[in-house]
Amino acid sequence: MKFQRKKLGDILVDMGALAPAQVKLILERIAAGGGRFGQVGLAEGLFSEDELAQALAAQFNLDYIDLKSFEPDAELLQEMSSGLIERYRFLPIRRDGRHLVIAMADPSDVAAFDDLELLLDTPLTLVVAAAGQIERVLERAEGSKQMLQEVSEDFKLHLVKETDKGEEVLSIEKLTDDSSPIIRLIDSTLYDALQKRASDIHIETGPDGVIIKYRVDGVLFRATDPLDARFQSPIISRIKVMSELDISERRIPQDGRFKVRMQGKSIDFRVSIMPSVFGEDAVIRILDKESIARDLKGLTLDVLGFSERELARMRRLIREPYGMVLVTGPTGSGKTTTLYGALNEIYNEQEKIITIEDPVEYQLKGILQIPVNEKKGLTFARGLRSILRHDPDKIMVGEIRDPETAQIAVQSALTGHLVFTTVHANNVFDVLGRFLHMGIDPYNFVSCLNCVAAQRLVRKLCVHCRQPVHYDAETLRQNGLAPEQYAGQTFYRAVGCRECNGTGYHGRSAIVELLDMNDDLREMIANKTPVSRLKEAARQAGTVFLRQAAVEKLVEGATSLDEINRVTFIEG
């Protein structure tokens, strides 16, 4: 009698992952456009990769393995050819006597399994794992393998030198005859920082030696144990050579940049060298434009993490016909990303949108973007004047730094343009002071202002390791949370695991304090009303302040109490 396998759809229904009606929907999709049951169901978002892997394991009577906290055997991985792993997307799990246990996502691919058995020349035992989990483990393993080995030929970093004729790729081998340990250290540091999603690399010199730190999700953590102080000078010199800075000058700050081509993509690095009592320190800002472009593809305000209430208000304000939309916050608080999201949402063929930025971080489709070039005399103010002659409907000014730019931006908003811009200030009311100190007429300023949004980024707890926690009344009171309101509320705290590099957090979400200008507020600001009364009027007009927005994220379980205290002030 022929053995009849149970259908995948039936198994998923038995597991509770799928409703019978959804099975019918998937079968209709397959009839219309082809494809396999599992892939079509995943594409429709009807079940997860994990559920599919468990169902496939049950269908083929195999074991399922959860790789979330799996630690791969480094020696076993070392034995496998990386080309073989790349081709068959399998993960060696362990040796079981003569057999090698491997994880694959698709147990129905018998041909691939047979090929592997032949190529590895060893009997194989198959277990099933989710495709995404296999990919993540392999990526992590590749990253650590990279750090342990010398920089392999595949990952050679190539310096890209800008010339009048375009770009000339200079491989590091051309610059130095022998690949010294210092070059290997810098190369592997750059590579490792990219793998860990770092935005900056800090090279600090102190009495204990040289310490390398990464800034990930806005917070610094150590990447290495302290290196001997004698390496400080060669490390800084190497970075200066890459950035074409003066290696003989050690007493004044220097700024430079270099570009590296790695694995087929170009990554920009900005360098700041600063003299200190122990020598020179360096900070390298990573601008991985392709990664930013991938993250921001189809960017809208939805992905930033604003609450539904603020999203609705923000969407209404960015669609006003003219006026000024101001976003404020410290460096790295996501101001530019918010403006990009807003421009993406309002873009249409009927209107001309022009931006002037320093630098253009991400290219937006259909929008004219101008990079500031101080050396050639193209400043924000001069660029903005030229933009106004270019017949725009909407303008974005990357940052208002000086009275001249502020004056032109206000005039543009008063003469029928919608102006988006950012300014450095701590909250929505500090912005008003900044503009008035720049000599802007208060009446003109409040007339053109549609709204001010103060923004911060809070780190999101890692979903793999966060732990529930209850706080007593005294702790709640000390943190400005009313015990009667939050008693018994389950909060979460950071723990740390492999998925989040031990930080307890993965990714960031925006919180916003949005001041929607109305006639009463405009009159109060023009009459120099005290901030305490302005705050009360803003609260009555619907403004939710940053601390309260952060507390909402805390209650949702998206972040921790420590994190909201790091980003916002405790209100008594």
# chains A, B, ... in the order shown; residues from 1 in each chain; ligands from 1

$ residues_around --residues "A:Ser243" --least-positions-apart "6" --cutoff "10 Å" --atoms "only C-alpha atoms" --output "PyMOL selection string"
chain A and resi 159+161+237+254-259+269-272

$ write_last_selection --atoms "all heavy atoms" --output "CSV table (one decimal), in the first residue's frame"
chain,number,residue,atom,x,y,z
A,159,LEU,N,39.7,51.1,-0.7
A,159,LEU,CA,39.5,52.5,-0.6
A,159,LEU,C,39.2,53.1,-1.9
A,159,LEU,O,39.8,52.7,-3.0
A,159,LEU,CB,40.8,53.2,-0.1
A,159,LEU,CG,41.1,53.3,1.4
A,159,LEU,CD1,42.4,53.9,1.6
A,159,LEU,CD2,40.0,54.2,2.0
A,161,LYS,N,39.1,56.4,-4.2
A,161,LYS,CA,39.7,57.8,-4.2
A,161,LYS,C,38.9,58.6,-5.2
A,161,LYS,O,38.8,58.1,-6.4
A,161,LYS,CB,41.2,57.7,-4.6
A,161,LYS,CG,41.9,59.0,-4.3
A,161,LYS,CD,43.4,58.8,-4.6
A,161,LYS,CE,44.2,60.0,-4.6
A,161,LYS,NZ,44.4,60.5,-3.2
A,237,SER,N,47.3,57.2,12.6
A,237,SER,CA,48.0,57.5,11.4
A,237,SER,C,47.3,56.8,10.2
A,237,SER,O,47.1,57.3,9.1
A,237,SER,CB,49.4,57.1,11.5
A,237,SER,OG,50.1,57.8,12.4
A,254,GLN,N,41.2,67.6,13.2
A,254,GLN,CA,41.1,67.5,11.7
A,254,GLN,C,39.8,66.7,11.4
A,254,GLN,O,39.4,65.8,12.1
A,254,GLN,CB,42.3,66.7,11.2
A,254,GLN,CG,43.6,67.4,11.4
A,254,GLN,CD,44.8,66.7,10.7
A,254,GLN,OE1,44.8,66.7,9.4
A,254,GLN,NE2,45.7,66.2,11.4
A,255,ASP,N,39.2,67.1,10.2
A,255,ASP,CA,38.1,66.4,9.7
A,255,ASP,C,38.3,65.9,8.3
A,255,ASP,O,38.9,66.6,7.5
A,255,ASP,CB,36.8,67.3,9.7
A,255,ASP,CG,36.4,67.7,11.1
A,255,ASP,OD1,36.3,66.8,11.9
A,255,ASP,OD2,36.2,68.9,11.4
A,256,GLY,N,37.9,64.7,8.0
A,256,GLY,CA,38.1,64.1,6.7
A,256,GLY,C,37.0,63.1,6.4
A,256,GLY,O,36.1,62.9,7.2
A,257,ARG,N,37.2,62.4,5.3
A,257,ARG,CA,36.2,61.4,4.9
A,257,ARG,C,36.9,60.4,4.0
A,257,ARG,O,37.9,60.7,3.3
A,257,ARG,CB,35.0,62.0,4.2
A,257,ARG,CG,35.3,62.7,3.0
A,257,ARG,CD,34.0,63.2,2.4
A,257,ARG,NE,33.3,64.2,3.2
A,257,ARG,CZ,32.0,64.6,3.0
A,257,ARG,NH1,31.3,64.1,2.0
A,257,ARG,NH2,31.5,65.5,3.8
A,258,PHE,N,36.4,59.2,4.0
A,258,PHE,CA,36.9,58.2,3.0
A,258,PHE,C,35.7,57.3,2.6
A,258,PHE,O,34.7,57.3,3.2
A,258,PHE,CB,38.1,57.4,3.5
A,258,PHE,CG,37.8,56.6,4.7
A,258,PHE,CD1,37.4,55.2,4.6
A,258,PHE,CD2,38.0,57.1,6.0
A,258,PHE,CE1,37.2,54.5,5.7
A,258,PHE,CE2,37.8,56.3,7.1
A,258,PHE,CZ,37.3,55.0,7.0
A,259,LYS,N,35.9,56.6,1.5
A,259,LYS,CA,34.9,55.8,1.0
A,259,LYS,C,35.5,54.4,0.8
A,259,LYS,O,36.6,54.2,0.4
A,259,LYS,CB,34.4,56.3,-0.4
A,259,LYS,CG,33.1,55.6,-0.8
A,259,LYS,CD,32.7,56.1,-2.2
A,259,LYS,CE,32.0,57.4,-2.2
A,259,LYS,NZ,31.5,57.7,-3.5
A,269,PHE,N,32.5,57.0,5.0
A,269,PHE,CA,32.9,57.2,6.4
A,269,PHE,C,33.4,58.6,6.6
A,269,PHE,O,34.2,59.1,5.8
A,269,PHE,CB,34.0,56.2,6.7
A,269,PHE,CG,33.7,54.8,6.7
A,269,PHE,CD1,33.7,54.1,5.5
A,269,PHE,CD2,33.3,54.1,7.8
A,269,PHE,CE1,33.4,52.7,5.4
A,269,PHE,CE2,32.9,52.7,7.8
A,269,PHE,CZ,33.0,52.1,6.6
A,270,ARG,N,32.9,59.3,7.6
A,270,ARG,CA,33.4,60.6,8.0
A,270,ARG,C,34.2,60.5,9.2
A,270,ARG,O,33.8,59.8,10.2
A,270,ARG,CB,32.2,61.6,8.3
A,270,ARG,CG,31.4,61.9,7.0
A,270,ARG,CD,30.2,62.7,7.5
A,270,ARG,NE,29.6,63.3,6.4
A,270,ARG,CZ,28.9,64.4,6.5
A,270,ARG,NH1,28.7,65.0,7.7
A,270,ARG,NH2,28.3,65.0,5.4
A,271,VAL,N,35.3,61.2,9.2
A,271,VAL,CA,36.3,61.1,10.3
A,271,VAL,C,36.5,62.4,11.0
A,271,VAL,O,36.6,63.4,10.4
A,271,VAL,CB,37.7,60.6,9.7
A,271,VAL,CG1,38.7,60.5,10.7
A,271,VAL,CG2,37.5,59.2,9.0
A,272,SER,N,36.5,62.3,12.3
A,272,SER,CA,36.9,63.5,13.1
A,272,SER,C,38.0,63.1,14.0
A,272,SER,O,37.9,62.1,14.8
A,272,SER,CB,35.7,63.9,13.9
A,272,SER,OG,36.1,64.9,14.9

$ residues_around --residues "A:Thr415" --least-positions-apart "3" --cutoff "9 Å" --atoms "only C-alpha atoms" --output "list of chain:residue names"
A:Tyr322, A:Gly323, A:Val410, A:Gln411, A:Ser412

$ write_last_selection --atoms "N, CA and C atoms" --output "mmCIF file, in the first residue's frame"
data_model
loop_
_atom_site.group_PDB
_atom_site.id
_atom_site.type_symbol
_atom_site.label_atom_id
_atom_site.label_comp_id
_atom_site.auth_asym_id
_atom_site.auth_seq_id
_atom_site.Cartn_x
_atom_site.Cartn_y
_atom_site.Cartn_z
ATOM 1 N N TYR A 322 0.692 75.998 2.559
ATOM 2 C CA TYR A 322 1.910 76.797 2.767
ATOM 3 C C TYR A 322 2.175 76.917 4.265
ATOM 4 N N GLY A 323 3.312 77.532 4.601
ATOM 5 C CA GLY A 323 3.684 77.660 6.016
ATOM 6 C C GLY A 323 4.970 76.892 6.306
ATOM 7 N N VAL A 410 11.683 81.804 6.609
ATOM 8 C CA VAL A 410 10.438 82.418 7.092
ATOM 9 C C VAL A 410 9.758 83.177 5.963
ATOM 10 N N GLN A 411 10.543 83.943 5.190
ATOM 11 C CA GLN A 411 9.976 84.687 4.062
ATOM 12 C C GLN A 411 9.327 83.740 3.039
ATOM 13 N N SER A 412 10.005 82.589 2.794
ATOM 14 C CA SER A 412 9.470 81.608 1.829
ATOM 15 C C SER A 412 8.132 81.071 2.310
#

$ atom_distance --atom1 "atom CA of A:Gly383" --atom2 "atom CA of A:Ile370"
8.0 Å

$ select_by_dssp --residues "stretch 193-437 of chain A" --states "strand (DSSP E)" --output "MDAnalysis selection string"
chainID A and resid 200:206 209:216 219:222 254:262 265:276 279:287 323:328 353:357 368:371 394:397 418:423

$ residues_around --residues "A:Cys451" --least-positions-apart "4" --cutoff "8 Å" --atoms "only C-alpha atoms" --output "list in words"
Leu317, Met324, Val325, Leu326, Leu514, Leu515, Asp516 and Met517 of chain A

$ select_by_dssp --residues "stretch 237-451 of chain A" --states "alpha helix (DSSP H)" --output "number ranges by chain"
A: 237-243, 289-295, 308-318, 335-346, 380-388, 403-414, 428-437, 442-448

$ closest_residue --among "A:Thr568, A:Thr125, A:Gln78, A:Ser276" --to "A:Asn479" --atoms "only C-alpha atoms"
A:Thr568

$ decode --residues "stretch 479-492 of chain A" --atoms "all heavy atoms" --output "tab-separated table (two decimals), in the first residue's frame"
chain	number	residue	atom	x	y	z
A	479	ASN	N	9.78	57.77	39.63
A	479	ASN	CA	9.90	57.94	38.18
A	479	ASN	C	8.76	58.77	37.58
A	479	ASN	O	8.55	58.77	36.37
A	479	ASN	CB	9.96	56.57	37.50
A	479	ASN	CG	11.30	55.88	37.73
A	479	ASN	OD1	12.28	56.20	37.08
A	479	ASN	ND2	11.34	54.97	38.67
A	480	GLY	N	8.03	59.46	38.47
A	480	GLY	CA	6.98	60.37	37.99
A	480	GLY	C	5.75	59.65	37.48
A	480	GLY	O	4.98	60.22	36.71
A	481	LEU	N	5.55	58.39	37.89
A	481	LEU	CA	4.37	57.62	37.45
A	481	LEU	C	3.43	57.45	38.64
A	481	LEU	O	3.85	56.99	39.70
A	481	LEU	CB	4.79	56.24	36.92
A	481	LEU	CG	5.78	56.23	35.75
A	481	LEU	CD1	6.26	54.82	35.46
A	481	LEU	CD2	5.15	56.82	34.50
A	482	ALA	N	2.18	57.82	38.46
A	482	ALA	CA	1.21	57.75	39.57
A	482	ALA	C	0.93	56.29	39.94
A	482	ALA	O	0.46	55.52	39.09
A	482	ALA	CB	-0.10	58.43	39.15
A	483	PRO	N	1.23	55.87	41.19
A	483	PRO	CA	1.04	54.47	41.58
A	483	PRO	C	-0.40	54.00	41.39
A	483	PRO	O	-0.63	52.86	40.99
A	483	PRO	CB	1.43	54.46	43.07
A	483	PRO	CG	2.30	55.65	43.26
A	483	PRO	CD	1.81	56.67	42.29
A	484	GLU	N	-1.37	54.88	41.67
A	484	GLU	CA	-2.78	54.45	41.54
A	484	GLU	C	-3.13	54.14	40.08
A	484	GLU	O	-4.00	53.32	39.79
A	484	GLU	CB	-3.74	55.52	42.10
A	484	GLU	CG	-3.62	56.91	41.52
A	484	GLU	CD	-2.52	57.76	42.19
A	484	GLU	OE1	-1.71	57.19	42.96
A	484	GLU	OE2	-2.48	58.96	41.93
A	485	GLN	N	-2.41	54.78	39.14
A	485	GLN	CA	-2.69	54.55	37.72
A	485	GLN	C	-1.94	53.33	37.17
A	485	GLN	O	-2.46	52.59	36.33
A	485	GLN	CB	-2.29	55.79	36.92
A	485	GLN	CG	-2.75	55.74	35.46
A	485	GLN	CD	-2.37	57.02	34.71
A	485	GLN	OE1	-1.98	58.02	35.32
A	485	GLN	NE2	-2.48	56.99	33.40
A	486	TYR	N	-0.70	53.12	37.67
A	486	TYR	CA	0.14	52.08	37.07
A	486	TYR	C	0.39	50.88	37.99
A	486	TYR	O	1.15	49.97	37.62
A	486	TYR	CB	1.49	52.69	36.63
A	486	TYR	CG	1.33	53.73	35.55
A	486	TYR	CD1	1.41	55.09	35.84
A	486	TYR	CD2	1.07	53.35	34.23
A	486	TYR	CE1	1.25	56.05	34.85
A	486	TYR	CE2	0.90	54.30	33.24
A	486	TYR	CZ	1.00	55.65	33.55
A	486	TYR	OH	0.84	56.58	32.56
A	487	ALA	N	-0.20	50.85	39.19
A	487	ALA	CA	-0.02	49.71	40.09
A	487	ALA	C	-0.56	48.45	39.40
A	487	ALA	O	-1.64	48.47	38.81
A	487	ALA	CB	-0.76	49.95	41.39
A	488	GLY	N	0.22	47.39	39.45
A	488	GLY	CA	-0.22	46.14	38.83
A	488	GLY	C	0.07	46.06	37.34
A	488	GLY	O	-0.12	45.02	36.71
A	489	GLN	N	0.54	47.17	36.75
A	489	GLN	CA	0.88	47.18	35.31
A	489	GLN	C	2.16	46.36	35.08
A	489	GLN	O	3.15	46.52	35.81
A	489	GLN	CB	1.09	48.63	34.86
A	489	GLN	CG	1.69	48.81	33.48
A	489	GLN	CD	0.67	48.59	32.38
A	489	GLN	OE1	-0.44	49.09	32.43
A	489	GLN	NE2	1.05	47.81	31.38
A	490	THR	N	2.15	45.50	34.09
A	490	THR	CA	3.37	44.73	33.75
A	490	THR	C	4.23	45.57	32.80
A	490	THR	O	3.78	45.96	31.72
A	490	THR	CB	3.01	43.40	33.07
A	490	THR	OG1	2.17	42.66	33.95
A	490	THR	CG2	4.26	42.58	32.77
A	491	PHE	N	5.44	45.87	33.26
A	491	PHE	CA	6.42	46.53	32.39
A	491	PHE	C	7.44	45.48	31.96
A	491	PHE	O	7.40	44.34	32.42
A	491	PHE	CB	7.11	47.67	33.14
A	491	PHE	CG	6.17	48.76	33.60
A	491	PHE	CD1	5.91	48.98	34.94
A	491	PHE	CD2	5.55	49.58	32.67
A	491	PHE	CE1	5.04	49.98	35.36
A	491	PHE	CE2	4.67	50.59	33.08
A	491	PHE	CZ	4.42	50.78	34.43
A	492	TYR	N	8.37	45.87	31.09
A	492	TYR	CA	9.41	44.94	30.66
A	492	TYR	C	10.77	45.58	30.86
A	492	TYR	O	10.92	46.80	30.78
A	492	TYR	CB	9.22	44.56	29.19
A	492	TYR	CG	8.04	43.66	28.97
A	492	TYR	CD1	6.76	44.20	28.75
A	492	TYR	CD2	8.17	42.27	28.99
A	492	TYR	CE1	5.66	43.37	28.56
A	492	TYR	CE2	7.07	41.44	28.79
A	492	TYR	CZ	5.82	41.99	28.59
A	492	TYR	OH	4.74	41.18	28.41
